[in-house]
$ cat protein-v9.cif   # mmCIF, C-alpha atoms
data_query
#
loop_
_atom_site.label_atom_id
_atom_site.label_comp_id
_atom_site.auth_asym_id
_atom_site.auth_seq_id
_atom_site.Cartn_x
_atom_site.Cartn_y
_atom_site.Cartn_z
CA MET A 1384 -22.92 -0.16 5.83
CA ASN A 1385 -20.00 -0.57 8.21
CA HIS A 1386 -16.41 0.11 7.17
CA VAL A 1387 -15.46 -3.49 6.38
CA GLU A 1388 -18.65 -4.11 4.41
CA ARG A 1389 -18.12 -0.89 2.46
CA PHE A 1390 -14.50 -1.69 1.54
CA ARG A 1391 -15.31 -5.22 0.45
CA ALA A 1392 -18.36 -4.11 -1.53
CA VAL A 1393 -16.39 -1.46 -3.41
CA MET A 1394 -13.64 -3.94 -4.20
CA ASN A 1395 -16.21 -6.47 -5.40
CA PHE A 1396 -17.83 -3.86 -7.68
CA GLN A 1397 -21.03 -3.98 -5.64
CA PRO A 1398 -23.34 -1.09 -4.63
CA VAL A 1399 -22.35 0.96 -1.58
CA ASP A 1400 -23.82 3.83 0.41
CA ARG A 1401 -20.67 5.88 -0.24
CA LEU A 1402 -17.03 5.28 -1.04
CA PRO A 1403 -14.50 4.97 1.80
CA ARG A 1404 -12.84 8.19 3.00
CA TRP A 1405 -9.30 7.26 3.85
CA GLU A 1406 -5.69 8.28 3.23
CA TRP A 1407 -3.60 5.22 2.48
CA ALA A 1408 -0.28 7.14 2.71
CA THR A 1409 -1.28 9.92 5.15
CA TRP A 1410 1.13 12.86 5.48
CA TRP A 1411 4.81 13.77 5.55
CA ASP A 1412 6.24 14.60 8.99
CA GLU A 1413 6.97 18.10 7.68
CA THR A 1414 3.31 18.42 6.68
CA THR A 1415 1.94 17.68 10.13
CA LYS A 1416 4.65 19.89 11.64
CA ARG A 1417 3.35 22.74 9.51
CA TRP A 1418 -0.24 22.00 10.41
CA LYS A 1419 0.58 22.12 14.11
CA SER A 1420 1.63 25.73 13.54
CA GLU A 1421 -1.76 26.27 11.85
CA GLY A 1422 -4.05 24.76 14.48
CA LEU A 1423 -3.60 20.99 14.48
CA PRO A 1424 -3.50 20.05 18.18
CA GLN A 1425 0.06 19.53 19.39
CA CYS A 1426 -0.93 16.38 21.26
CA LEU A 1427 -1.81 14.49 18.06
CA ASP A 1428 1.11 12.39 16.86
CA SER A 1429 -0.03 9.02 15.53
CA VAL A 1430 -1.64 8.42 12.15
CA THR A 1431 -4.73 7.11 13.93
CA GLU A 1432 -5.10 10.20 16.09
CA ILE A 1433 -4.71 12.59 13.17
CA SER A 1434 -7.05 10.56 10.97
CA ASP A 1435 -9.69 10.65 13.70
CA TYR A 1436 -9.22 14.41 14.07
CA PHE A 1437 -9.90 14.92 10.36
CA GLY A 1438 -12.92 12.60 10.40
CA LEU A 1439 -11.44 9.99 8.08
CA ASP A 1440 -12.60 6.39 8.20
CA PRO A 1441 -10.72 4.21 10.74
CA TYR A 1442 -8.18 2.20 8.79
CA VAL A 1443 -5.05 0.87 10.51
CA GLN A 1444 -1.93 -0.51 8.84
CA PHE A 1445 0.51 -3.01 10.31
CA TRP A 1446 3.89 -3.31 8.56
CA ILE A 1447 5.45 -6.77 8.91
CA SER A 1448 9.15 -5.93 8.95
CA THR A 1449 11.89 -8.40 8.05
CA THR A 1450 14.35 -6.71 10.43
CA THR A 1451 12.43 -5.93 13.63
CA SER A 1452 9.63 -7.55 15.58
CA ALA A 1453 7.68 -4.26 15.60
CA ILE A 1454 4.64 -4.05 13.33
CA ASP A 1455 4.20 -0.28 13.18
CA VAL A 1456 4.28 1.52 9.84
CA SER A 1457 7.88 2.69 10.19
CA GLN A 1458 10.05 1.07 7.56
CA HIS A 1459 13.12 -0.41 9.19
CA HIS A 1460 15.62 -0.40 6.36
CA VAL A 1461 19.12 -1.87 6.36
CA GLU A 1462 20.07 -0.29 3.03
CA GLY A 1463 23.10 -1.85 1.36
CA ALA A 1464 23.89 -4.23 4.23
CA ILE A 1465 25.15 -7.07 2.03
CA LYS A 1466 27.40 -7.55 -0.99
CA ASN A 1467 27.39 -11.32 -1.45
CA GLU A 1468 26.15 -14.66 -0.12
CA ASP A 1469 28.57 -14.68 2.81
CA ASP A 1470 27.20 -11.32 3.95
CA TYR A 1471 23.64 -12.62 3.64
CA CYS A 1472 24.45 -15.71 5.70
CA ALA A 1473 26.07 -13.53 8.35
CA LEU A 1474 23.10 -11.15 8.46
CA LYS A 1475 20.36 -13.76 8.27
CA PRO A 1476 20.21 -14.45 12.04
CA GLN A 1477 19.14 -10.81 12.43
CA LEU A 1478 16.43 -11.13 9.76
CA PHE A 1479 12.96 -12.67 9.81
CA PRO A 1480 12.10 -11.97 13.47
CA SER A 1481 9.11 -13.47 15.22
CA HIS A 1482 6.15 -11.10 15.36
CA ARG A 1483 4.15 -13.22 17.77
CA VAL A 1484 4.18 -10.71 20.66
CA SER A 1485 3.54 -7.72 18.41
CA ILE A 1486 0.71 -9.49 16.63
CA GLU A 1487 -1.08 -9.93 19.96
CA LYS A 1488 -1.21 -6.13 20.16
CA MET A 1489 -3.51 -6.19 17.13
CA MET A 1490 -6.30 -7.68 19.23
CA PRO A 1491 -8.11 -4.40 20.09
CA TRP A 1492 -8.19 -3.50 16.41
CA ALA A 1493 -9.27 -7.04 15.55
CA ALA A 1494 -12.27 -6.60 17.83
CA ARG A 1495 -13.13 -3.31 16.12
CA GLN A 1496 -12.81 -4.90 12.70
CA GLN A 1497 -14.97 -7.83 13.80
CA ASN A 1498 -17.74 -5.32 14.52
CA GLY A 1499 -17.16 -3.40 11.29
CA GLN A 1500 -15.85 -0.39 13.19
CA ALA A 1501 -12.42 -0.37 11.56
CA VAL A 1502 -10.45 -1.89 8.68
CA ILE A 1503 -7.13 -3.65 9.27
CA TRP A 1504 -4.58 -3.93 6.51
CA ILE A 1505 -1.10 -5.36 6.59
CA THR A 1506 2.00 -4.76 4.48
CA LEU A 1507 4.56 -7.40 3.59
CA GLU A 1508 7.93 -6.63 2.01
CA GLY A 1509 8.00 -7.80 -1.58
CA PHE A 1510 10.34 -9.94 -3.65
CA PHE A 1511 11.84 -6.90 -5.37
CA TRP A 1512 11.81 -4.70 -2.26
CA PHE A 1513 13.54 -7.12 0.12
CA PRO A 1514 16.71 -7.89 -1.88
CA ARG A 1515 16.90 -4.28 -3.11
CA THR A 1516 16.91 -3.08 0.48
CA LEU A 1517 19.67 -5.49 1.50
CA PHE A 1518 21.83 -4.95 -1.57
CA GLY A 1519 21.14 -1.30 -2.30
CA LEU A 1520 19.59 -0.41 -5.65
CA GLU A 1521 22.63 -0.57 -7.95
CA ARG A 1522 24.03 -3.82 -6.56
CA HIS A 1523 20.56 -5.33 -6.58
CA MET A 1524 20.26 -4.71 -10.32
CA TYR A 1525 23.58 -6.43 -10.98
CA SER A 1526 22.69 -9.32 -8.68
CA PHE A 1527 20.03 -10.65 -11.06
CA PHE A 1528 22.92 -11.55 -13.38
CA ASP A 1529 25.88 -11.88 -11.03
CA MET A 1530 24.27 -13.77 -8.11
CA PRO A 1531 21.08 -15.45 -9.39
CA GLU A 1532 21.32 -18.34 -6.92
CA LEU A 1533 21.48 -15.92 -4.01
CA MET A 1534 18.51 -13.96 -5.34
CA HIS A 1535 16.46 -17.15 -5.42
CA ARG A 1536 17.62 -18.15 -1.96
CA MET A 1537 16.68 -14.78 -0.50
CA ASN A 1538 13.21 -14.80 -2.03
CA GLN A 1539 12.65 -18.42 -1.05
CA ASP A 1540 13.48 -17.47 2.54
CA LEU A 1541 11.16 -14.48 2.30
CA ALA A 1542 8.27 -16.55 0.92
CA ASN A 1543 8.63 -19.08 3.75
CA TYR A 1544 8.65 -16.26 6.27
CA HIS A 1545 5.58 -14.57 4.81
CA ILE A 1546 3.53 -17.75 4.78
CA ALA A 1547 4.41 -18.55 8.39
CA THR A 1548 3.69 -14.96 9.48
CA LEU A 1549 0.35 -14.87 7.70
CA ARG A 1550 -0.69 -18.03 9.53
CA GLU A 1551 0.34 -16.40 12.81
CA ILE A 1552 -1.55 -13.17 12.10
CA THR A 1553 -4.76 -14.93 11.20
CA LYS A 1554 -4.84 -16.63 14.58
CA ILE A 1555 -5.62 -13.14 15.92
CA CYS A 1556 -7.51 -11.56 13.02
CA LYS A 1557 -8.02 -11.70 9.28
CA PRO A 1558 -6.93 -8.42 7.68
CA THR A 1559 -9.45 -7.03 5.22
CA PHE A 1560 -6.74 -6.50 2.64
CA MET A 1561 -2.98 -6.35 2.33
CA THR A 1562 -0.30 -4.61 0.31
CA ILE A 1563 3.01 -6.03 -0.83
CA ALA A 1564 5.58 -3.24 -0.82
CA GLU A 1565 7.64 -3.30 -4.00
CA ASP A 1566 8.33 0.16 -5.47
CA MET A 1567 9.62 -1.53 -8.62
CA SER A 1568 8.45 1.07 -11.13
CA TYR A 1569 9.42 4.67 -11.76
CA ASN A 1570 8.00 7.39 -13.99
CA HIS A 1571 8.93 5.49 -17.17
CA GLY A 1572 7.69 2.07 -16.07
CA PRO A 1573 9.16 -1.08 -14.50
CA MET A 1574 12.72 -1.19 -13.16
CA LEU A 1575 13.12 -4.75 -14.43
CA SER A 1576 12.12 -6.76 -17.48
CA ARG A 1577 9.25 -9.20 -17.72
CA GLN A 1578 11.82 -11.98 -18.10
CA LEU A 1579 13.50 -11.07 -14.79
CA PHE A 1580 10.12 -10.68 -13.10
CA ASP A 1581 8.99 -14.11 -14.26
CA GLU A 1582 12.25 -15.78 -13.24
CA PHE A 1583 13.03 -14.14 -9.90
CA LEU A 1584 9.75 -12.81 -8.46
CA ALA A 1585 6.80 -14.67 -9.94
CA PRO A 1586 7.62 -18.13 -8.46
CA TYR A 1587 7.51 -16.71 -4.94
CA TYR A 1588 4.37 -14.69 -5.52
CA ARG A 1589 2.78 -17.92 -6.73
CA ARG A 1590 3.57 -19.47 -3.37
CA VAL A 1591 2.35 -16.59 -1.19
CA VAL A 1592 -0.65 -15.18 -3.06
CA PRO A 1593 -2.73 -18.41 -2.93
CA VAL A 1594 -2.27 -18.46 0.85
CA VAL A 1595 -3.41 -14.82 1.03
CA LYS A 1596 -6.53 -15.64 -0.98
CA GLU A 1597 -7.18 -18.83 0.98
CA LEU A 1598 -7.31 -16.62 4.09
CA GLY A 1599 -9.84 -14.30 2.42
CA ILE A 1600 -7.47 -11.31 2.19
CA ILE A 1601 -7.47 -9.09 -0.91
CA PRO A 1602 -3.87 -8.74 -2.24
CA PHE A 1603 -2.58 -5.40 -3.58
CA VAL A 1604 0.88 -4.38 -4.74
CA ASP A 1605 2.23 -0.98 -3.72
CA THR A 1606 4.56 0.39 -6.37
CA ASP A 1607 5.27 4.01 -7.16
CA GLY A 1608 5.72 5.54 -10.60
CA ASP A 1609 4.00 4.22 -13.71
CA VAL A 1610 2.56 0.80 -12.86
CA SER A 1611 0.70 0.39 -16.18
CA GLU A 1612 3.07 -2.10 -17.83
CA LEU A 1613 3.40 -4.10 -14.61
CA ILE A 1614 -0.31 -4.72 -14.15
CA PRO A 1615 -0.70 -7.75 -16.45
CA TRP A 1616 2.44 -9.27 -14.90
CA LEU A 1617 0.91 -8.85 -11.45
CA MET A 1618 -2.51 -10.13 -12.44
CA ASP A 1619 -0.93 -13.23 -13.95
CA ILE A 1620 0.41 -14.20 -10.51
CA GLY A 1621 -2.87 -13.48 -8.70
CA ILE A 1622 -2.54 -9.89 -7.50
CA GLU A 1623 -5.94 -8.20 -7.55
CA GLY A 1624 -5.13 -4.52 -7.01
CA VAL A 1625 -2.53 -1.77 -7.22
CA LEU A 1626 -1.81 1.55 -5.56
CA PRO A 1627 -1.09 4.52 -5.59
CA LEU A 1628 -1.45 5.22 -9.36
CA GLU A 1629 0.75 8.30 -9.37
CA ARG A 1630 -0.62 10.95 -11.68
CA GLN A 1631 2.75 12.71 -12.09
CA ALA A 1632 4.08 9.48 -13.63
CA GLY A 1633 1.37 9.63 -16.29
CA VAL A 1634 -0.88 6.86 -14.95
CA ASP A 1635 -4.39 6.99 -16.45
CA GLY A 1636 -6.88 5.18 -14.22
CA MET A 1637 -9.73 5.11 -16.72
CA LYS A 1638 -7.46 3.68 -19.39
CA LEU A 1639 -6.50 0.97 -16.92
CA ARG A 1640 -10.17 0.33 -16.12
CA ARG A 1641 -10.90 -0.22 -19.81
CA GLN A 1642 -7.90 -2.53 -20.18
CA PHE A 1643 -8.43 -4.42 -16.91
CA PRO A 1644 -12.12 -4.30 -15.92
CA ASN A 1645 -11.60 -6.31 -12.71
CA LEU A 1646 -8.54 -4.45 -11.43
CA ARG A 1647 -8.85 -2.95 -7.94
CA MET A 1648 -7.23 0.47 -7.54
CA ILE A 1649 -6.53 2.92 -4.70
CA GLY A 1650 -5.15 6.47 -4.85
CA HIS A 1651 -4.73 8.46 -8.10
CA PHE A 1652 -5.65 11.91 -6.71
CA ASP A 1653 -2.82 14.18 -7.87
CA LYS A 1654 -1.22 15.52 -4.69
CA MET A 1655 0.42 18.33 -6.66
CA VAL A 1656 -2.89 20.17 -7.22
CA MET A 1657 -3.76 20.43 -3.52
CA LYS A 1658 -1.79 23.64 -3.01
CA ASP A 1659 -3.59 25.29 -5.97
CA GLY A 1660 -6.91 25.77 -4.22
CA GLU A 1661 -10.47 24.52 -4.31
CA GLN A 1662 -11.15 24.73 -8.04
CA ALA A 1663 -8.03 22.78 -8.90
CA MET A 1664 -8.97 20.09 -6.39
CA ARG A 1665 -12.55 20.02 -7.67
CA ASP A 1666 -11.28 19.60 -11.23
CA GLU A 1667 -9.16 16.67 -10.06
CA PHE A 1668 -12.16 15.00 -8.43
CA GLU A 1669 -14.15 15.56 -11.61
CA ARG A 1670 -11.39 13.78 -13.51
CA LEU A 1671 -11.64 10.86 -11.09
CA LEU A 1672 -15.44 10.72 -10.89
CA PRO A 1673 -15.97 8.30 -13.83
CA LEU A 1674 -13.42 5.95 -12.28
CA MET A 1675 -15.09 6.32 -8.88
CA LYS A 1676 -18.41 5.40 -10.47
CA SER A 1677 -16.92 2.33 -12.16
CA GLY A 1678 -16.40 0.44 -8.89
CA GLY A 1679 -13.29 -1.25 -7.60
CA PHE A 1680 -11.63 2.11 -6.88
CA ILE A 1681 -11.10 4.24 -3.77
CA PRO A 1682 -9.83 7.80 -4.30
CA SER A 1683 -6.95 8.90 -2.10
CA VAL A 1684 -3.96 11.20 -2.42
CA ASP A 1685 -1.55 9.43 -4.76
CA HIS A 1686 1.20 9.64 -2.16
CA GLN A 1687 1.77 11.44 1.11
CA THR A 1688 0.30 14.93 1.32
CA PRO A 1689 3.28 17.28 0.86
CA PRO A 1690 4.21 20.13 3.24
CA GLY A 1691 3.30 22.73 0.63
CA VAL A 1692 -0.35 22.03 1.46
CA SER A 1693 -1.78 24.21 4.24
CA MET A 1694 -4.15 22.85 6.82
CA ALA A 1695 -6.92 25.03 5.38
CA GLN A 1696 -6.29 23.55 1.92
CA TYR A 1697 -6.38 20.05 3.37
CA HIS A 1698 -9.74 20.81 4.97
CA THR A 1699 -10.93 21.86 1.51
CA TYR A 1700 -9.69 18.55 0.13
CA LEU A 1701 -11.60 16.69 2.86
CA LYS A 1702 -14.78 18.65 2.12
CA LEU A 1703 -14.54 17.69 -1.54
CA LEU A 1704 -13.64 14.11 -0.68
CA GLU A 1705 -16.86 13.88 1.31
CA GLN A 1706 -18.88 15.36 -1.55
CA TYR A 1707 -17.43 13.19 -4.29
CA THR A 1708 -17.35 9.90 -2.39
CA GLN A 1709 -21.11 10.41 -2.07
CA ALA A 1710 -21.67 11.75 -5.59
CA ALA A 1711 -19.98 8.64 -7.00
CA VAL A 1712 -22.84 6.44 -5.80
CA ASP A 1713 -25.83 8.77 -6.11
#
$ encode --input "protein-v9.cif" --output "C-alpha cells"
Amino acid sequence: MNHVERFRAVMNFQPVDRLPRWEWATWWDETTKRWKSEGLPQCLDSVTEISDYFGLDPYVQFWISTTTSAIDVSQHHVEGAIKNEDDYCALKPQLFPSHRVSIEKMMPWAARQQNGQAVIWITLEGFFWFPRTLFGLERHMYSFFDMPELMHRMNQDLANYHIATLREITKICKPTFMTIAEDMSYNHGPMLSRQLFDEFLAPYYRRVVPVVKELGIIPFVDTDGDVSELIPWLMDIGIEGVLPLERQAGVDGMKLRRQFPNLRMIGHFDKMVMKDGEQAMRDEFERLLPLMKSGGFIPSVDHQTPPGVSMAQYHTYLKLLEQYTQAAVD
C-alpha cells in the first residue's frame, strides 16, 4: 500500500499492511538542539528533513494562517491584539491574507501525494482558537457574554475565509485530511459550556465542515487536554476525528472507542514515559495495542517529544513503533 492508501484505509477501518509511522507534532526545538549534540546531523533543520532522517513516513503539514500569507507550520499569533469591535475593525485589513502564491508552492508535494508517495494535511484556525488569539484568553472568555455580536461577526468572517481558502487549495491538490486548531480543552475538560459551543462555534462549523467533506478531506479537531466530553459535540457538527488524546489529562482511548465506534483518533502515546527506557515504552505500546487493532487509530506521541528524551531513547521509541505498527495488523 502507498502512504495515502494506508492512511485512508486505517481511517475507514479497513485492512492495512501496517499502520502509518508518523509524528503529528514532531519535536520541541530544545529536543532537536539536544539531539544535535548527540549525533543528529547539524544540517537537518526542517521537520521534513528530520522525519526523513528517522525513517518516518512522509507527511507534510501546511498551516493556513489568518495573519500571514505563509503556510508553514509556524503559528503566527497576535495574542491580545484587540479589546473591542473598533479594534477588530482596525485590525481586520491585516487579517485573512491571500494564500494564493504560497499555495502554489504545495505543487511538488501535491505531485508526491498524487503518486501515493506522501500525505498532505492542512490546519485551519478554529472558531475558538481565532477569537481567543485576538482577544487573549481571559478577555475571550468574557467576550461570549460582553460582546456576543462581535464573536459572531469574527467567526462569520473566519468561516467565509476558510471556505474560500479551501476552494483555492483544492485547485492545486486535495489534502488527505485536515485539522482544525482549537485547544479548547484542558486537563479537566472543555473550557466552555455546551451552550456556548452550540451558540458561538457550531453554526460556523456547520458551514465549513460540509465543504471539507464535499472535497473528500477527513476533518479532525486538534485540542489538547481531556477531549472526552467534547467528542459528542464535535461529532454532532460533522467532525470525524480528534487528536492528540493526551494521556496526562486522563484520556482513555479504548473507552472512547467503546463509546464512539466510528471516531478517528491520532496520538495517545504518553510522551512522559519516553525518558524511562525501553520497557516503559513497550508497556505503553502494549496499552495502545488493542486500540491500534480496533482501526481508525494511528499511534503517535501525544504531543511534541520533550527535551528530556535522548536521541538514543527516541531511536528505541522508533524501533518499537515499527514493531507495534506491524503487530497491530498481523
$ residues_around --input "protein-v9.cif" --residues "A:Val1656" --least-positions-apart "3" --cutoff "10 Å" --atoms "all atoms listed in the file" --output "MDAnalysis selection string"
chainID A and resid 1652:1653 1659:1667 1692
$ residues_near_point --input "protein-v9.cif" --point "(11.3, -4.9, -4.3)" --cutoff "9 Å" --atoms "only C-alpha atoms" --output "MDAnalysis selection string"
chainID A and resid 1508:1516 1564:1567 1606
$ closest_atom_pairs --input "protein-v9.cif" --of "stretch 1509-1554 of chain A" --to "stretch 1466-1490 of chain A" --cutoff "8 Å" --atoms "only C-alpha atoms" --output "JSON lines"
{"residue": "A:Phe1518", "atom": "CA", "partner": "A:Lys1466", "partner_atom": "CA", "distance": 6.2}
{"residue": "A:Arg1522", "atom": "CA", "partner": "A:Lys1466", "partner_atom": "CA", "distance": 7.5}
{"residue": "A:Met1530", "atom": "CA", "partner": "A:Asn1467", "partner_atom": "CA", "distance": 7.8}
{"residue": "A:Leu1533", "atom": "CA", "partner": "A:Glu1468", "partner_atom": "CA", "distance": 6.2}
{"residue": "A:Leu1541", "atom": "CA", "partner": "A:Phe1479", "partner_atom": "CA", "distance": 7.9}
{"residue": "A:Tyr1544", "atom": "CA", "partner": "A:Phe1479", "partner_atom": "CA", "distance": 6.6}
{"residue": "A:Thr1548", "atom": "CA", "partner": "A:His1482", "partner_atom": "CA", "distance": 7.5}
{"residue": "A:Glu1551", "atom": "CA", "partner": "A:Arg1483", "partner_atom": "CA", "distance": 7.0}
{"residue": "A:Ile1552", "atom": "CA", "partner": "A:Ile1486", "partner_atom": "CA", "distance": 6.3}
$ closest_residue --input "protein-v9.cif" --among "A:Gln1444, A:Ser1693, A:Gln1709, A:Gln1642" --to "A:Thr1506" --atoms "all atoms listed in the file"
A:Gln1444
$ residues_around --input "protein-v9.cif" --residues "A:Met1384" --least-positions-apart "5" --cutoff "9 Å" --atoms "only C-alpha atoms" --output "list in words"
Arg1389, Val1399, Asp1400, Arg1401 and Gly1499 of chain A
$ closest_residue --input "protein-v9.cif" --among "A:Leu1575, A:Trp1407, A:Trp1616, A:Gln1496" --to "A:Thr1562" --atoms "all atoms listed in the file"
A:Trp1407
$ resolve_selection --input "protein-v9.cif" --expression "the PyMOL selection byres ((chain A and resi 1429) around 12)" --output "ChimeraX atom specification"
/A:1409-1410,1412,1415,1424-1428,1430-1436,1443-1444,1455-1457
$ atom_distance --input "protein-v9.cif" --atom1 "atom CA of A:Gly1650" --atom2 "atom CA of A:Val1594"
25.7 Å
$ axis_aligned_box --input "protein-v9.cif" --around "stretch 1631-1644 of chain A" --padding-each-side "4 Å" --output "lines of an AutoDock Vina configuration file"
center_x = -4.0
center_y = 4.1
center_z = -16.1
size_x = 24.2
size_y = 25.1
size_z = 16.1
$ atom_distance --input "protein-v9.cif" --atom1 "atom CA of A:Arg1670" --atom2 "atom CA of A:Ala1710"
13.1 Å
$ build_atoms --input "protein-v9.cif" --residues "stretch 1579-1599 of chain A" --atoms "N, CA and C atoms" --output "short mmCIF file (atom, residue, chain, number, x, y, z; two decimals), in the coordinates of the input"
data_model
loop_
_atom_site.label_atom_id
_atom_site.label_comp_id
_atom_site.auth_asym_id
_atom_site.auth_seq_id
_atom_site.Cartn_x
_atom_site.Cartn_y
_atom_site.Cartn_z
N LEU A 1579 12.96 -11.03 -16.15
CA LEU A 1579 13.50 -11.07 -14.79
C LEU A 1579 12.38 -11.22 -13.77
N PHE A 1580 11.27 -10.54 -14.00
CA PHE A 1580 10.12 -10.68 -13.10
C PHE A 1580 9.66 -12.13 -13.03
N ASP A 1581 9.49 -12.74 -14.21
CA ASP A 1581 8.99 -14.11 -14.26
C ASP A 1581 9.98 -15.11 -13.63
N GLU A 1582 11.26 -14.84 -13.76
CA GLU A 1582 12.25 -15.78 -13.24
C GLU A 1582 12.48 -15.62 -11.74
N PHE A 1583 12.56 -14.37 -11.26
CA PHE A 1583 13.03 -14.14 -9.90
C PHE A 1583 11.94 -13.74 -8.90
N LEU A 1584 10.81 -13.25 -9.38
CA LEU A 1584 9.75 -12.81 -8.46
C LEU A 1584 8.51 -13.68 -8.54
N ALA A 1585 8.07 -13.98 -9.76
CA ALA A 1585 6.80 -14.67 -9.94
C ALA A 1585 6.71 -16.00 -9.19
N PRO A 1586 7.77 -16.84 -9.16
CA PRO A 1586 7.62 -18.13 -8.46
C PRO A 1586 7.27 -17.97 -6.99
N TYR A 1587 7.72 -16.90 -6.38
CA TYR A 1587 7.51 -16.71 -4.94
C TYR A 1587 6.16 -16.04 -4.68
N TYR A 1588 5.74 -15.18 -5.58
CA TYR A 1588 4.37 -14.69 -5.52
C TYR A 1588 3.39 -15.85 -5.64
N ARG A 1589 3.70 -16.80 -6.51
CA ARG A 1589 2.78 -17.92 -6.73
C ARG A 1589 2.72 -18.84 -5.52
N ARG A 1590 3.66 -18.74 -4.63
CA ARG A 1590 3.57 -19.47 -3.37
C ARG A 1590 2.75 -18.70 -2.33
N VAL A 1591 2.95 -17.39 -2.26
CA VAL A 1591 2.35 -16.59 -1.19
C VAL A 1591 0.92 -16.17 -1.50
N VAL A 1592 0.67 -15.74 -2.73
CA VAL A 1592 -0.65 -15.18 -3.06
C VAL A 1592 -1.78 -16.19 -2.85
N PRO A 1593 -1.64 -17.46 -3.22
CA PRO A 1593 -2.73 -18.41 -2.93
C PRO A 1593 -3.04 -18.52 -1.45
N VAL A 1594 -2.02 -18.42 -0.59
CA VAL A 1594 -2.27 -18.46 0.85
C VAL A 1594 -3.06 -17.22 1.27
N VAL A 1595 -2.69 -16.07 0.74
CA VAL A 1595 -3.41 -14.82 1.03
C VAL A 1595 -4.89 -14.97 0.66
N LYS A 1596 -5.15 -15.50 -0.52
CA LYS A 1596 -6.53 -15.64 -0.98
C LYS A 1596 -7.28 -16.72 -0.19
N GLU A 1597 -6.58 -17.78 0.15
CA GLU A 1597 -7.18 -18.83 0.98
C GLU A 1597 -7.67 -18.26 2.31
N LEU A 1598 -6.95 -17.26 2.82
CA LEU A 1598 -7.31 -16.62 4.09
C LEU A 1598 -8.37 -15.53 3.91
N GLY A 1599 -8.78 -15.27 2.67
CA GLY A 1599 -9.84 -14.30 2.42
C GLY A 1599 -9.36 -12.86 2.43
#
